[in-house]
>>> print(open('input_36.tsv').read())   # TSV, C-alpha atoms and all ligand atoms
chain	number	residue	atom	x	y	z
A	232	MET	CA	34.84	9.17	15.13
A	233	THR	CA	32.02	7.74	13.09
A	234	ALA	CA	31.70	9.36	9.67
A	235	PRO	CA	28.37	10.71	8.42
A	236	PHE	CA	26.36	8.10	6.55
A	237	ILE	CA	26.32	8.58	2.79
A	238	PRO	CA	23.96	6.08	1.18
A	239	PRO	CA	24.82	4.54	-2.19
A	240	ARG	CA	22.76	5.75	-5.16
A	241	ARG	CA	20.43	2.94	-6.10
A	242	THR	CA	17.69	2.41	-8.61
A	243	LEU	CA	14.81	1.00	-6.59
A	244	MET	CA	12.77	-1.55	-8.52
A	245	GLY	CA	11.75	-3.84	-5.73
A	246	PRO	CA	8.48	-4.12	-3.80
A	247	GLY	CA	9.10	-0.73	-2.13
A	248	PRO	CA	10.45	1.70	-1.27
A	249	SER	CA	10.43	3.17	-4.76
A	250	ASP	CA	12.73	5.89	-6.12
A	251	VAL	CA	12.04	9.16	-4.31
A	252	PRO	CA	12.11	12.23	-6.61
A	253	GLN	CA	14.58	14.96	-5.65
A	254	ARG	CA	11.66	17.36	-5.21
A	255	VAL	CA	10.30	15.23	-2.38
A	256	LEU	CA	13.72	14.95	-0.74
A	257	ASP	CA	14.20	18.73	-1.05
A	258	ALA	CA	10.80	19.34	0.54
A	259	MET	CA	11.82	17.20	3.50
A	260	ALA	CA	14.93	19.31	4.06
A	261	ARG	CA	12.89	22.47	4.77
A	262	PRO	CA	12.96	23.90	8.29
A	263	THR	CA	11.15	21.95	10.97
A	264	ILE	CA	8.23	23.77	12.61
A	265	GLY	CA	6.07	22.82	15.56
A	266	HIS	CA	3.41	20.20	14.92
A	267	LEU	CA	0.70	22.48	16.36
A	268	ASP	CA	1.93	25.55	14.45
A	269	PRO	CA	-0.95	27.04	12.41
A	270	ALA	CA	1.19	26.61	9.28
A	271	PHE	CA	1.54	22.91	9.99
A	272	VAL	CA	-2.20	22.61	10.63
A	273	GLU	CA	-2.75	24.11	7.18
A	274	LEU	CA	-0.31	21.61	5.67
A	275	MET	CA	-2.23	18.77	7.29
A	276	GLU	CA	-5.51	20.04	5.84
A	277	GLN	CA	-3.97	20.09	2.36
A	278	ILE	CA	-2.57	16.58	2.80
A	279	LYS	CA	-6.00	15.30	3.86
A	280	SER	CA	-7.63	16.92	0.88
A	281	MET	CA	-5.08	15.55	-1.61
A	282	LEU	CA	-5.34	12.09	-0.05
A	283	ARG	CA	-9.10	12.19	-0.70
A	284	MET	CA	-8.25	12.79	-4.35
A	285	ALA	CA	-5.81	9.85	-4.37
A	286	PHE	CA	-8.31	7.50	-2.68
A	287	GLN	CA	-11.22	8.90	-4.76
A	288	THR	CA	-13.31	9.50	-1.69
A	289	ARG	CA	-15.18	12.17	0.20
A	290	ASN	CA	-14.55	10.44	3.53
A	291	ALA	CA	-13.93	13.13	6.14
A	292	LEU	CA	-11.76	10.70	8.08
A	293	THR	CA	-8.84	10.48	5.65
A	294	PHE	CA	-5.33	11.18	6.93
A	295	PRO	CA	-1.79	9.76	7.20
A	296	VAL	CA	-0.98	7.62	10.24
A	297	SER	CA	2.43	8.56	11.66
A	298	ALA	CA	3.92	5.13	11.01
A	299	PRO	CA	4.39	2.70	8.09
A	300	GLY	CA	1.72	0.79	6.18
A	301	SER	CA	1.65	-1.98	8.77
A	302	ALA	CA	0.42	0.55	11.35
A	303	GLY	CA	-2.38	1.65	9.01
A	304	MET	CA	-3.34	-2.00	8.75
A	305	GLU	CA	-3.31	-2.38	12.49
A	306	MET	CA	-5.36	0.80	12.94
A	307	CYS	CA	-8.12	-0.64	10.74
A	308	PHE	CA	-8.29	-3.91	12.64
A	309	VAL	CA	-7.95	-2.74	16.22
A	310	ASN	CA	-10.67	-0.15	15.72
A	311	LEU	CA	-13.14	-2.14	13.62
A	312	VAL	CA	-12.84	-5.57	15.21
A	313	GLU	CA	-14.20	-6.17	18.69
A	314	PRO	CA	-13.62	-9.38	20.65
A	315	GLY	CA	-15.87	-12.10	19.27
A	316	ASP	CA	-16.53	-10.41	15.89
A	317	THR	CA	-16.45	-12.75	12.92
A	318	VAL	CA	-14.26	-11.44	10.11
A	319	ILE	CA	-13.83	-13.04	6.69
A	320	VAL	CA	-10.16	-12.77	5.72
A	321	CYS	CA	-8.96	-13.42	2.18
A	322	ARG	CA	-5.47	-14.87	1.97
A	323	ASN	CA	-3.68	-15.20	-1.37
A	324	GLY	CA	-0.23	-14.08	-0.28
A	325	VAL	CA	1.82	-12.71	2.59
A	326	PHE	CA	-0.25	-9.64	3.35
A	327	GLY	CA	-3.56	-11.49	3.63
A	328	GLY	CA	-1.79	-13.64	6.23
A	329	ARG	CA	-0.91	-10.49	8.14
A	330	MET	CA	-4.53	-9.37	8.11
A	331	LEU	CA	-5.43	-12.73	9.62
A	332	GLU	CA	-2.86	-12.21	12.36
A	333	ASN	CA	-4.38	-8.80	13.10
A	334	VAL	CA	-7.89	-10.22	13.40
A	335	LYS	CA	-6.67	-12.86	15.84
A	336	ARG	CA	-4.81	-10.34	17.96
A	337	ALA	CA	-7.89	-8.11	18.11
A	338	ARG	CA	-9.63	-11.25	19.48
A	339	GLY	CA	-11.90	-11.49	16.47
A	340	VAL	CA	-13.01	-14.82	15.05
A	341	PRO	CA	-11.40	-15.17	11.61
A	342	VAL	CA	-12.86	-17.18	8.74
A	343	VAL	CA	-10.11	-17.64	6.17
A	344	VAL	CA	-10.81	-17.75	2.44
A	345	ASP	CA	-7.67	-19.17	0.85
A	346	ASP	CA	-6.61	-18.77	-2.74
A	347	ALA	CA	-3.40	-19.91	-4.38
A	348	TRP	CA	-0.44	-17.54	-4.18
A	349	GLY	CA	-0.34	-15.72	-7.50
A	350	ALA	CA	-4.10	-15.96	-8.05
A	351	PRO	CA	-6.57	-13.16	-7.30
A	352	VAL	CA	-9.18	-13.57	-4.55
A	353	ASP	CA	-12.08	-15.68	-5.83
A	354	PRO	CA	-15.35	-13.74	-5.29
A	355	ASP	CA	-17.41	-16.94	-5.34
A	356	LYS	CA	-15.54	-18.32	-2.35
A	357	VAL	CA	-16.04	-15.02	-0.54
A	358	ARG	CA	-19.79	-15.12	-1.24
A	359	ASP	CA	-19.96	-18.69	0.08
A	360	ALA	CA	-18.09	-17.71	3.25
A	361	LEU	CA	-20.44	-14.79	3.90
A	362	ARG	CA	-23.46	-17.03	3.36
A	363	ALA	CA	-22.05	-19.59	5.77
A	364	HIS	CA	-21.36	-16.86	8.36
A	365	PRO	CA	-24.32	-14.48	8.14
A	366	GLY	CA	-23.24	-12.58	11.26
A	367	ALA	CA	-19.83	-11.67	9.84
A	368	LYS	CA	-18.94	-8.08	10.73
A	369	ALA	CA	-16.31	-7.46	8.08
A	370	LEU	CA	-14.57	-8.71	4.96
A	371	ALA	CA	-10.83	-8.07	4.70
A	372	PHE	CA	-8.81	-8.39	1.51
A	373	VAL	CA	-5.64	-7.15	-0.18
A	374	HIS	CA	-6.28	-5.28	-3.41
A	375	ALA	CA	-2.73	-5.57	-4.73
A	376	GLU	CA	-0.76	-8.51	-3.29
A	377	THR	CA	2.82	-7.28	-3.39
A	378	SER	CA	4.14	-10.72	-2.45
A	379	THR	CA	2.88	-12.21	-5.72
A	380	GLY	CA	1.92	-9.40	-8.12
A	381	ALA	CA	-1.76	-10.37	-8.30
A	382	GLN	CA	-4.56	-7.82	-8.33
A	383	SER	CA	-8.00	-8.71	-7.00
A	384	ASP	CA	-11.36	-7.33	-8.09
A	385	ALA	CA	-11.95	-4.93	-5.22
A	386	ALA	CA	-15.21	-3.51	-6.62
A	387	THR	CA	-16.84	-6.95	-6.73
A	388	LEU	CA	-15.51	-7.99	-3.31
A	389	ALA	CA	-16.78	-4.79	-1.68
A	390	ARG	CA	-20.19	-5.21	-3.30
A	391	ILE	CA	-20.48	-8.77	-1.96
A	392	ALA	CA	-19.58	-7.51	1.52
A	393	GLN	CA	-22.30	-4.86	1.29
A	394	GLU	CA	-24.90	-7.37	0.15
A	395	HIS	CA	-24.21	-9.30	3.34
A	396	GLY	CA	-24.11	-6.28	5.66
A	397	ALA	CA	-20.38	-6.60	6.35
A	398	LEU	CA	-17.89	-3.75	6.34
A	399	SER	CA	-15.05	-4.01	3.83
A	400	ILE	CA	-11.43	-3.48	4.89
A	401	MET	CA	-8.99	-3.11	1.99
A	402	ASP	CA	-5.20	-3.12	1.86
A	403	CYS	CA	-4.25	-0.75	-0.96
A	404	VAL	CA	-0.65	-0.17	0.10
A	405	THR	CA	0.70	-1.04	-3.33
A	406	SER	CA	-2.29	-0.05	-5.45
A	407	LEU	CA	-2.85	3.56	-4.35
A	408	ALA	CA	-1.75	5.95	-7.14
A	409	GLY	CA	-0.54	3.05	-9.31
A	410	THR	CA	-3.74	1.38	-10.38
A	411	PRO	CA	-7.36	2.53	-10.02
A	412	VAL	CA	-8.56	2.79	-6.41
A	413	ARG	CA	-12.06	4.22	-6.00
A	414	LEU	CA	-13.19	3.96	-2.41
A	415	ASP	CA	-16.56	5.68	-2.82
A	416	ASP	CA	-17.60	4.05	-6.10
A	417	TRP	CA	-16.69	0.66	-4.71
A	418	GLY	CA	-18.17	1.25	-1.24
A	419	ILE	CA	-15.01	0.45	0.73
A	420	ASP	CA	-15.34	1.17	4.47
A	421	ALA	CA	-11.72	1.16	5.59
A	422	ALA	CA	-8.56	1.38	3.51
A	423	TYR	CA	-4.89	1.75	4.35
A	424	SER	CA	-1.88	2.47	2.18
A	425	GLY	CA	1.79	3.42	2.41
A	426	SER	CA	3.85	6.46	1.46
A	427	GLN	CA	6.76	4.56	-0.12
A	428	LYS	CA	5.16	2.61	-2.94
A	429	CYS	CA	3.32	4.34	-5.81
A	430	LEU	CA	3.27	7.70	-4.00
A	431	SER	CA	7.10	7.67	-4.11
A	432	CYS	CA	7.56	9.39	-0.79
A	433	THR	CA	9.96	8.06	1.84
A	434	PRO	CA	8.75	5.14	3.99
A	435	GLY	CA	7.06	5.73	7.32
A	436	LEU	CA	3.59	7.15	6.72
A	437	SER	CA	0.35	5.29	6.15
A	438	PRO	CA	-2.57	7.09	4.49
A	439	VAL	CA	-5.89	5.70	5.75
A	440	SER	CA	-9.55	6.44	5.06
A	441	PHE	CA	-12.74	5.43	6.88
A	442	SER	CA	-16.35	5.66	5.69
A	443	SER	CA	-19.09	7.08	7.89
A	444	ARG	CA	-20.37	3.52	8.41
A	445	ALA	CA	-16.96	2.57	9.74
A	446	VAL	CA	-16.89	5.62	12.04
A	447	GLU	CA	-20.34	4.70	13.40
A	448	ARG	CA	-19.10	1.20	14.09
A	449	ILE	CA	-16.11	2.54	15.98
A	450	GLN	CA	-18.22	4.96	17.99
A	451	ALA	CA	-20.61	2.15	18.92
A	452	ARG	CA	-17.86	-0.06	20.36
A	453	THR	CA	-18.60	-1.48	23.79
A	454	THR	CA	-14.94	-2.26	24.54
A	455	PRO	CA	-12.06	0.20	24.40
A	456	VAL	CA	-9.58	-0.11	21.55
A	457	GLN	CA	-6.66	-2.15	22.89
A	458	SER	CA	-4.02	0.12	21.35
A	459	TRP	CA	-3.66	3.59	22.81
A	460	PHE	CA	-1.61	4.97	19.92
A	461	LEU	CA	-3.93	3.69	17.20
A	462	ASP	CA	-7.26	4.40	18.93
A	463	LEU	CA	-9.10	6.48	16.34
A	464	ASN	CA	-11.25	8.14	18.96
A	465	LEU	CA	-8.09	9.70	20.38
A	466	VAL	CA	-6.31	10.33	17.08
A	467	LEU	CA	-9.37	12.17	15.83
A	468	GLY	CA	-8.89	15.02	18.25
A	469	TYR	CA	-5.55	15.61	16.59
A	470	TRP	CA	-6.34	15.13	12.92
A	471	GLN	CA	-9.88	16.46	12.72
A	472	SER	CA	-11.41	19.88	13.29
A	473	ALA	CA	-8.92	22.37	11.88
A	474	GLY	CA	-9.71	24.91	14.58
A	475	LYS	CA	-8.92	23.13	17.82
A	476	ARG	CA	-6.16	20.60	17.73
A	477	THR	CA	-5.14	18.75	20.85
A	478	TYR	CA	-1.84	17.04	21.44
A	479	HIS	CA	-1.87	13.31	20.82
A	480	HIS	CA	1.63	12.57	19.52
A	481	THR	CA	4.26	14.64	17.75
A	482	ALA	CA	3.61	14.25	14.04
A	483	PRO	CA	6.72	13.52	11.94
A	484	VAL	CA	6.88	17.06	10.58
A	485	ASN	CA	9.46	16.74	7.80
A	486	PRO	CA	8.15	13.45	6.39
A	487	MET	CA	4.78	15.24	6.13
A	488	TYR	CA	6.46	17.87	3.93
A	489	GLY	CA	7.61	14.99	1.75
A	490	LEU	CA	4.15	13.43	1.53
A	491	HIS	CA	2.68	16.84	0.70
A	492	GLU	CA	5.16	17.29	-2.15
A	493	ALA	CA	4.54	13.76	-3.46
A	494	LEU	CA	0.79	14.49	-3.51
A	495	VAL	CA	1.35	17.85	-5.23
A	496	MET	CA	3.30	15.97	-7.91
A	497	LEU	CA	0.46	13.48	-8.23
A	498	GLU	CA	-2.01	16.34	-8.69
A	499	GLU	CA	0.24	17.90	-11.32
A	500	GLU	CA	0.47	14.66	-13.28
A	501	GLY	CA	-3.18	13.79	-12.78
A	502	LEU	CA	-4.30	10.62	-11.03
A	503	GLU	CA	-5.60	8.95	-14.17
A	504	ASN	CA	-2.40	9.80	-16.03
A	505	ALA	CA	-0.41	8.19	-13.23
A	506	TRP	CA	-2.49	5.01	-13.55
A	507	ALA	CA	-1.98	5.04	-17.33
A	508	ARG	CA	1.77	5.55	-16.94
A	509	HIS	CA	2.08	2.54	-14.64
A	510	ARG	CA	0.12	0.44	-17.15
A	511	ALA	CA	2.20	1.62	-20.12
A	512	MET	CA	5.52	1.02	-18.32
A	513	HIS	CA	4.34	-2.42	-17.26
A	514	GLU	CA	3.62	-3.31	-20.90
A	515	LYS	CA	7.11	-2.20	-21.91
A	516	LEU	CA	8.81	-4.11	-19.13
A	517	LYS	CA	6.74	-7.20	-19.89
A	518	THR	CA	7.68	-7.11	-23.56
A	519	GLY	CA	11.35	-6.90	-22.61
A	520	LEU	CA	11.24	-9.63	-19.97
A	521	GLU	CA	9.27	-12.02	-22.15
A	522	GLY	CA	11.66	-11.25	-25.00
A	523	MET	CA	14.42	-12.62	-22.76
A	524	GLY	CA	12.40	-15.78	-22.22
A	525	LEU	CA	11.34	-14.91	-18.68
A	526	GLN	CA	7.86	-15.94	-17.57
A	527	TYR	CA	5.31	-14.17	-15.37
A	528	VAL	CA	4.00	-15.90	-12.26
A	529	VAL	CA	0.52	-14.36	-12.44
A	530	ASP	CA	-2.04	-14.84	-15.23
A	531	GLU	CA	-2.22	-11.82	-17.49
A	532	ALA	CA	-5.77	-10.82	-16.44
A	533	ALA	CA	-4.61	-10.31	-12.84
A	534	HIS	CA	-1.27	-8.61	-13.59
A	535	LEU	CA	-0.47	-5.79	-11.23
A	536	PRO	CA	1.35	-3.19	-13.35
A	537	GLN	CA	3.50	-1.96	-10.50
A	538	LEU	CA	4.71	-5.38	-9.31
A	539	ASN	CA	6.01	-7.83	-11.89
A	540	SER	CA	6.80	-11.26	-10.49
A	541	ILE	CA	8.69	-13.61	-12.75
A	542	HIS	CA	9.99	-17.15	-12.38
A	543	VAL	CA	13.72	-17.53	-11.83
A	544	PRO	CA	15.00	-19.59	-14.78
A	545	GLU	CA	16.05	-23.17	-14.12
A	546	GLY	CA	19.62	-23.50	-12.83
A	547	VAL	CA	20.05	-19.80	-11.95
A	548	ASP	CA	21.20	-18.81	-8.47
A	549	GLU	CA	18.62	-16.11	-7.80
A	550	ALA	CA	20.35	-14.58	-4.78
A	551	ALA	CA	23.64	-14.30	-6.69
A	552	VAL	CA	21.88	-12.46	-9.52
A	553	ARG	CA	20.25	-10.02	-7.12
A	554	ALA	CA	23.59	-9.42	-5.40
A	555	ARG	CA	25.22	-8.71	-8.78
A	556	LEU	CA	22.41	-6.38	-9.80
A	557	LEU	CA	22.92	-4.46	-6.58
A	558	ASN	CA	26.70	-4.39	-6.53
A	559	GLU	CA	27.45	-3.89	-10.23
A	560	PHE	CA	24.37	-2.06	-11.42
A	561	ASN	CA	23.12	-0.37	-8.25
A	562	LEU	CA	19.75	-1.91	-9.01
A	563	GLU	CA	17.47	-3.34	-6.36
A	564	ILE	CA	14.82	-5.88	-7.27
A	565	GLY	CA	12.83	-8.03	-4.85
A	566	ALA	CA	13.14	-11.68	-3.88
A	567	GLY	CA	10.26	-14.08	-3.36
A	568	LEU	CA	8.58	-14.22	0.04
A	569	GLY	CA	7.22	-17.20	1.95
A	570	ASP	CA	6.37	-20.12	-0.32
A	571	MET	CA	7.91	-18.28	-3.27
A	572	ALA	CA	11.30	-17.57	-1.70
A	573	GLY	CA	14.10	-18.65	-4.02
A	574	ARG	CA	11.74	-19.21	-6.94
A	575	ILE	CA	10.67	-15.77	-8.13
A	576	TRP	CA	11.90	-12.22	-8.56
A	577	ARG	CA	9.65	-9.24	-7.97
A	578	ILE	CA	10.32	-6.21	-10.13
A	579	GLY	CA	8.59	-3.07	-8.97
A	580	LEU	CA	7.43	-0.23	-11.20
A	581	MET	CA	6.08	1.97	-8.47
A	582	GLY	CA	5.61	5.72	-8.65
A	583	HIS	CA	8.75	7.52	-9.78
A	584	SER	CA	10.36	4.14	-10.54
A	585	ALA	CA	7.81	3.55	-13.32
A	586	ARG	CA	9.75	5.28	-16.07
A	587	GLN	CA	11.49	4.35	-19.29
A	588	GLU	CA	15.08	4.82	-18.13
A	589	ASN	CA	14.52	2.43	-15.23
A	590	ILE	CA	13.10	-0.17	-17.56
A	591	ASN	CA	16.07	0.12	-19.91
A	592	HIS	CA	18.49	-0.14	-17.02
A	593	CYS	CA	16.73	-3.15	-15.52
A	594	LEU	CA	16.49	-5.06	-18.80
A	595	GLN	CA	20.13	-4.42	-19.70
A	596	ALA	CA	21.36	-5.38	-16.24
A	597	LEU	CA	19.29	-8.57	-16.10
A	598	GLU	CA	20.42	-9.51	-19.58
A	599	ALA	CA	24.07	-9.11	-18.52
A	600	CYS	CA	23.55	-11.25	-15.42
A	601	LEU	CA	21.67	-14.03	-17.18
A	602	ARG	CA	23.85	-14.23	-20.28
B	701	LIG	C1	4.44	-2.87	1.79
B	701	LIG	C2	3.11	-3.46	2.12
B	701	LIG	C3	2.57	-3.42	3.41
B	701	LIG	C4	3.33	-2.93	4.60
B	701	LIG	O1	3.75	-1.64	4.51
B	701	LIG	P1	4.99	-1.16	5.45
B	701	LIG	O2	5.10	0.30	5.12
B	701	LIG	O3	6.15	-1.97	5.02
B	701	LIG	O4	4.62	-1.41	6.85
B	701	LIG	C5	1.29	-3.92	3.60
B	701	LIG	N1	0.58	-4.44	2.59
B	701	LIG	C6	1.07	-4.50	1.34
B	701	LIG	C7	0.23	-5.10	0.25
B	701	LIG	C8	2.34	-4.03	1.07
B	701	LIG	O5	2.83	-4.11	-0.18
>>> encode(input="input_36.tsv", output="structure tokens", more="lines below")
Ligand SMILES: *Cc1c(COP(=O)(O)O)cnc(C)c1O
Amino acid sequence: MTAPFIPPRRTLMGPGPSDVPQRVLDAMARPTIGHLDPAFVELMEQIKSMLRMAFQTRNALTFPVSAPGSAGMEMCFVNLVEPGDTVIVCRNGVFGGRMLENVKRARGVPVVVDDAWGAPVDPDKVRDALRAHPGAKALAFVHAETSTGAQSDAATLARIAQEHGALSIMDCVTSLAGTPVRLDDWGIDAAYSGSQKCLSCTPGLSPVSFSSRAVERIQARTTPVQSWFLDLNLVLGYWQSAGKRTYHHTAPVNPMYGLHEALVMLEEEGLENAWARHRAMHEKLKTGLEGMGLQYVVDEAAHLPQLNSIHVPEGVDEAAVRARLLNEFNLEIGAGLGDMAGRIWRIGLMGHSARQENINHCLQALEACLR
């Protein structure tokens, strides 16, 4: 007989998932109801409304995709990119590379704007690319590159896209609820995020939001969306119009309870207070890490509070340290990805993980391992 699975108790300070508060876990343990039950429909309406608060938008089309952040990304690209559309894609880390892959698979024509890993997206290069490709339909960029810990200037990038008549598609998986995200002020047309980073819910849901310009673009498509599951025209019948909901897929009912609770907690704290907490905790962690002689990968001006990437000191076996942190201290931190594998650590301060006791634990554990 296989025994029930009892997970170890970890402190999650990697690139996600983050620590999930007991309140969110308790919410998920409530009784399952039908996904077309009027009570569930009401829950969905409240989730949509609280997500608008988190994204700082009035976009009617704001809801959680029933799948992880990568599915929210794919939803943006398969709906907004038609075969032959030119899309400017900014790549300064792993996730920009994934956007590029999405554009290609949607049979768009990508124009890549490369920046060094660890640097933010350079707006001048983006302007040049849009000038060189006046017919470009969209600009795609990652606001908070979790692979490096660099934050780009989303407001400026979105404004440049608008000046050139291109839609803006933004990855805010790691930024949402951790650092200011203001879809309407910035004029972002499509954004996707994830439940398991600064929202501190369990993984598996992807909040998305689309402007009316984006919706018009989707409605004006001349080719059908290649993905049945992610076709917004079909999903809309399920997520919109509170009165008449039609079956599209079975929503993950209990994870939605969790997301609802996480958003209630965000409302209670206040969005701006949550941003300020991430910033304050980042400053404390930084002081501690630099006090131990560890160095940040990213220039200070582009530091992402919720993702701190630091160089592995010379002569240290980085994988052995991470294994010791996990086994002796029950602490998870992240390794480097792609070009940075083996050379950096990524310490997350996302959502519920961005608190003083986690910082103390992390600094003490690292100190013990590096001594
Ligand atoms: C985590 C992450 C994703 C992917 O989210 P999943 O939930 O793992 O699919 C996409 N973009 C960024 C910037 C991320 O940090």
>>> closest_atom_pairs(input="input_36.tsv", of="chain A", to="ligand LIG 701 (chain B)", cutoff="8 Å", atoms="all atoms listed in the file", output="Markdown table")
| residue | atom | partner | partner_atom | distance |
| --- | --- | --- | --- | --- |
| A:Pro246 | CA | B:LIG701 | O5 | 6.7 |
| A:Gly247 | CA | B:LIG701 | C1 | 6.5 |
| A:Ala298 | CA | B:LIG701 | O2 | 7.7 |
| A:Pro299 | CA | B:LIG701 | O2 | 3.9 |
| A:Gly300 | CA | B:LIG701 | O2 | 3.6 |
| A:Ser301 | CA | B:LIG701 | O4 | 3.6 |
| A:Ala302 | CA | B:LIG701 | O4 | 6.5 |
| A:Gly303 | CA | B:LIG701 | O4 | 7.9 |
| A:Met304 | CA | B:LIG701 | C5 | 7.2 |
| A:Phe326 | CA | B:LIG701 | N1 | 5.3 |
| A:Val373 | CA | B:LIG701 | C7 | 6.2 |
| A:His374 | CA | B:LIG701 | C7 | 7.5 |
| A:Ala375 | CA | B:LIG701 | C7 | 5.8 |
| A:Glu376 | CA | B:LIG701 | C7 | 5.0 |
| A:Thr377 | CA | B:LIG701 | O5 | 4.5 |
| A:Ser378 | CA | B:LIG701 | O5 | 7.1 |
| A:Asp402 | CA | B:LIG701 | N1 | 6.0 |
| A:Cys403 | CA | B:LIG701 | C7 | 6.4 |
| A:Val404 | CA | B:LIG701 | C6 | 4.8 |
| A:Thr405 | CA | B:LIG701 | O5 | 4.9 |
| A:Ser424 | CA | B:LIG701 | C5 | 7.3 |
| A:Gly425 | CA | B:LIG701 | O2 | 5.3 |
| A:Ser426 | CA | B:LIG701 | O2 | 7.3 |
| A:Gln427 | CA | B:LIG701 | O2 | 7.0 |
| A:Lys428 | CA | B:LIG701 | C1 | 7.3 |
| A:Pro434 | CA | B:LIG701 | O2 | 6.2 |
| A:Gly435 | CA | B:LIG701 | O2 | 6.2 |
| A:Leu436 | CA | B:LIG701 | O2 | 7.2 |
| A:Ser437 | CA | B:LIG701 | O2 | 7.0 |
>>> closest_atom_pairs(input="input_36.tsv", of="region 307-408 of chain A", to="region 563-586 of chain A", cutoff="10 Å", atoms="only C-alpha atoms", output="Markdown table")
| residue | atom | partner | partner_atom | distance |
| --- | --- | --- | --- | --- |
| A:Gly324 | CA | A:Gly569 | CA | 8.4 |
| A:Val325 | CA | A:Gly569 | CA | 7.1 |
| A:Trp348 | CA | A:Asp570 | CA | 8.2 |
| A:Gly349 | CA | A:Met571 | CA | 9.6 |
| A:Thr377 | CA | A:Arg577 | CA | 8.5 |
| A:Ser378 | CA | A:Leu568 | CA | 6.2 |
| A:Thr379 | CA | A:Arg577 | CA | 7.7 |
| A:Gly380 | CA | A:Arg577 | CA | 7.7 |
| A:Thr405 | CA | A:Met581 | CA | 8.0 |
| A:Ser406 | CA | A:Met581 | CA | 9.1 |
| A:Leu407 | CA | A:Gly582 | CA | 9.7 |
| A:Ala408 | CA | A:Gly582 | CA | 7.5 |
>>> residues_around(input="input_36.tsv", residues="Asn290 (chain A)", least_positions_apart="3", cutoff="8 Å", atoms="all atoms listed in the file", output="list of chain:residue names")
A:Arg283, A:Thr293, A:Ser440, A:Phe441, A:Ser442, A:Ser443
>>> closest_residue(input="input_36.tsv", among="A:Ile449, A:Ala258, A:Met281, A:Val352", to="Val312 (chain A)", atoms="all atoms listed in the file")
A:Ile449
>>> residues_near_point(input="input_36.tsv", point="(-3.5, 13.8, 1.6)", cutoff="10 Å", atoms="all atoms listed in the file", output="list in words")
Leu274, Met275, Glu276, Gln277, Ile278, Lys279, Ser280, Met281, Leu282, Arg283, Met284, Ala285, Phe286, Thr293, Phe294, Pro295, Pro438, Val439, Met487, Leu490, His491, Ala493, Leu494 and Val495 of chain A
>>> closest_residue(input="input_36.tsv", among="A:Leu520, A:Leu601, A:Leu497, A:Ala369", to="Gly409 (chain A)", atoms="all atoms listed in the file")
A:Leu497
>>> atom_distance(input="input_36.tsv", atom1="CA of His534 (chain A)", atom2="CA of Gln382 (chain A)")
6.3 Å
>>> residues_around(input="input_36.tsv", residues="region 389-393 of chain A", least_positions_apart="2", cutoff="7 Å", atoms="all atoms listed in the file", output="list in words")
Arg358, Leu370, Ala385, Ala386, Thr387, His395, Gly396, Ala397, Leu398, Ser399, Trp417, Gly418 and Ile419 of chain A
>>> residues_around(input="input_36.tsv", residues="region 547-554 of chain A", least_positions_apart="3", cutoff="7 Å", atoms="all atoms listed in the file", output="PyMOL selection string")
chain A and resi 543-544+557-558+564+573+600
>>> write_last_selection(input="input_36.tsv", atoms="C-alpha atoms", output="PDB file, in the frame of the given file")
ATOM      1  CA  VAL A 543      13.720 -17.530 -11.830  1.00  0.00           C
ATOM      2  CA  PRO A 544      15.000 -19.590 -14.780  1.00  0.00           C
ATOM      3  CA  LEU A 557      22.920  -4.460  -6.580  1.00  0.00           C
ATOM      4  CA  ASN A 558      26.700  -4.390  -6.530  1.00  0.00           C
ATOM      5  CA  ILE A 564      14.820  -5.880  -7.270  1.00  0.00           C
ATOM      6  CA  GLY A 573      14.100 -18.650  -4.020  1.00  0.00           C
ATOM      7  CA  CYS A 600      23.550 -11.250 -15.420  1.00  0.00           C
TER       8      CYS A 600
END
>>> residues_around(input="input_36.tsv", residues="region 462-465 of chain A", least_positions_apart="3", cutoff="9 Å", atoms="all atoms listed in the file", output="list in words")
Met306, Val309, Asn310, Val446, Ile449, Gln450, Pro455, Val456, Gln457, Ser458, Trp459, Gly468, Tyr469 and His479 of chain A
>>> atom_distance(input="input_36.tsv", atom1="CA of Phe308 (chain A)", atom2="CA of Glu273 (chain A)")
29.1 Å
>>> atom_distance(input="input_36.tsv", atom1="CA of Asn323 (chain A)", atom2="CA of Val343 (chain A)")
10.2 Å
>>> closest_residue(input="input_36.tsv", among="A:Pro239, A:Arg289, A:His592, A:Val340", to="Leu414 (chain A)", atoms="only C-alpha atoms")
A:Arg289
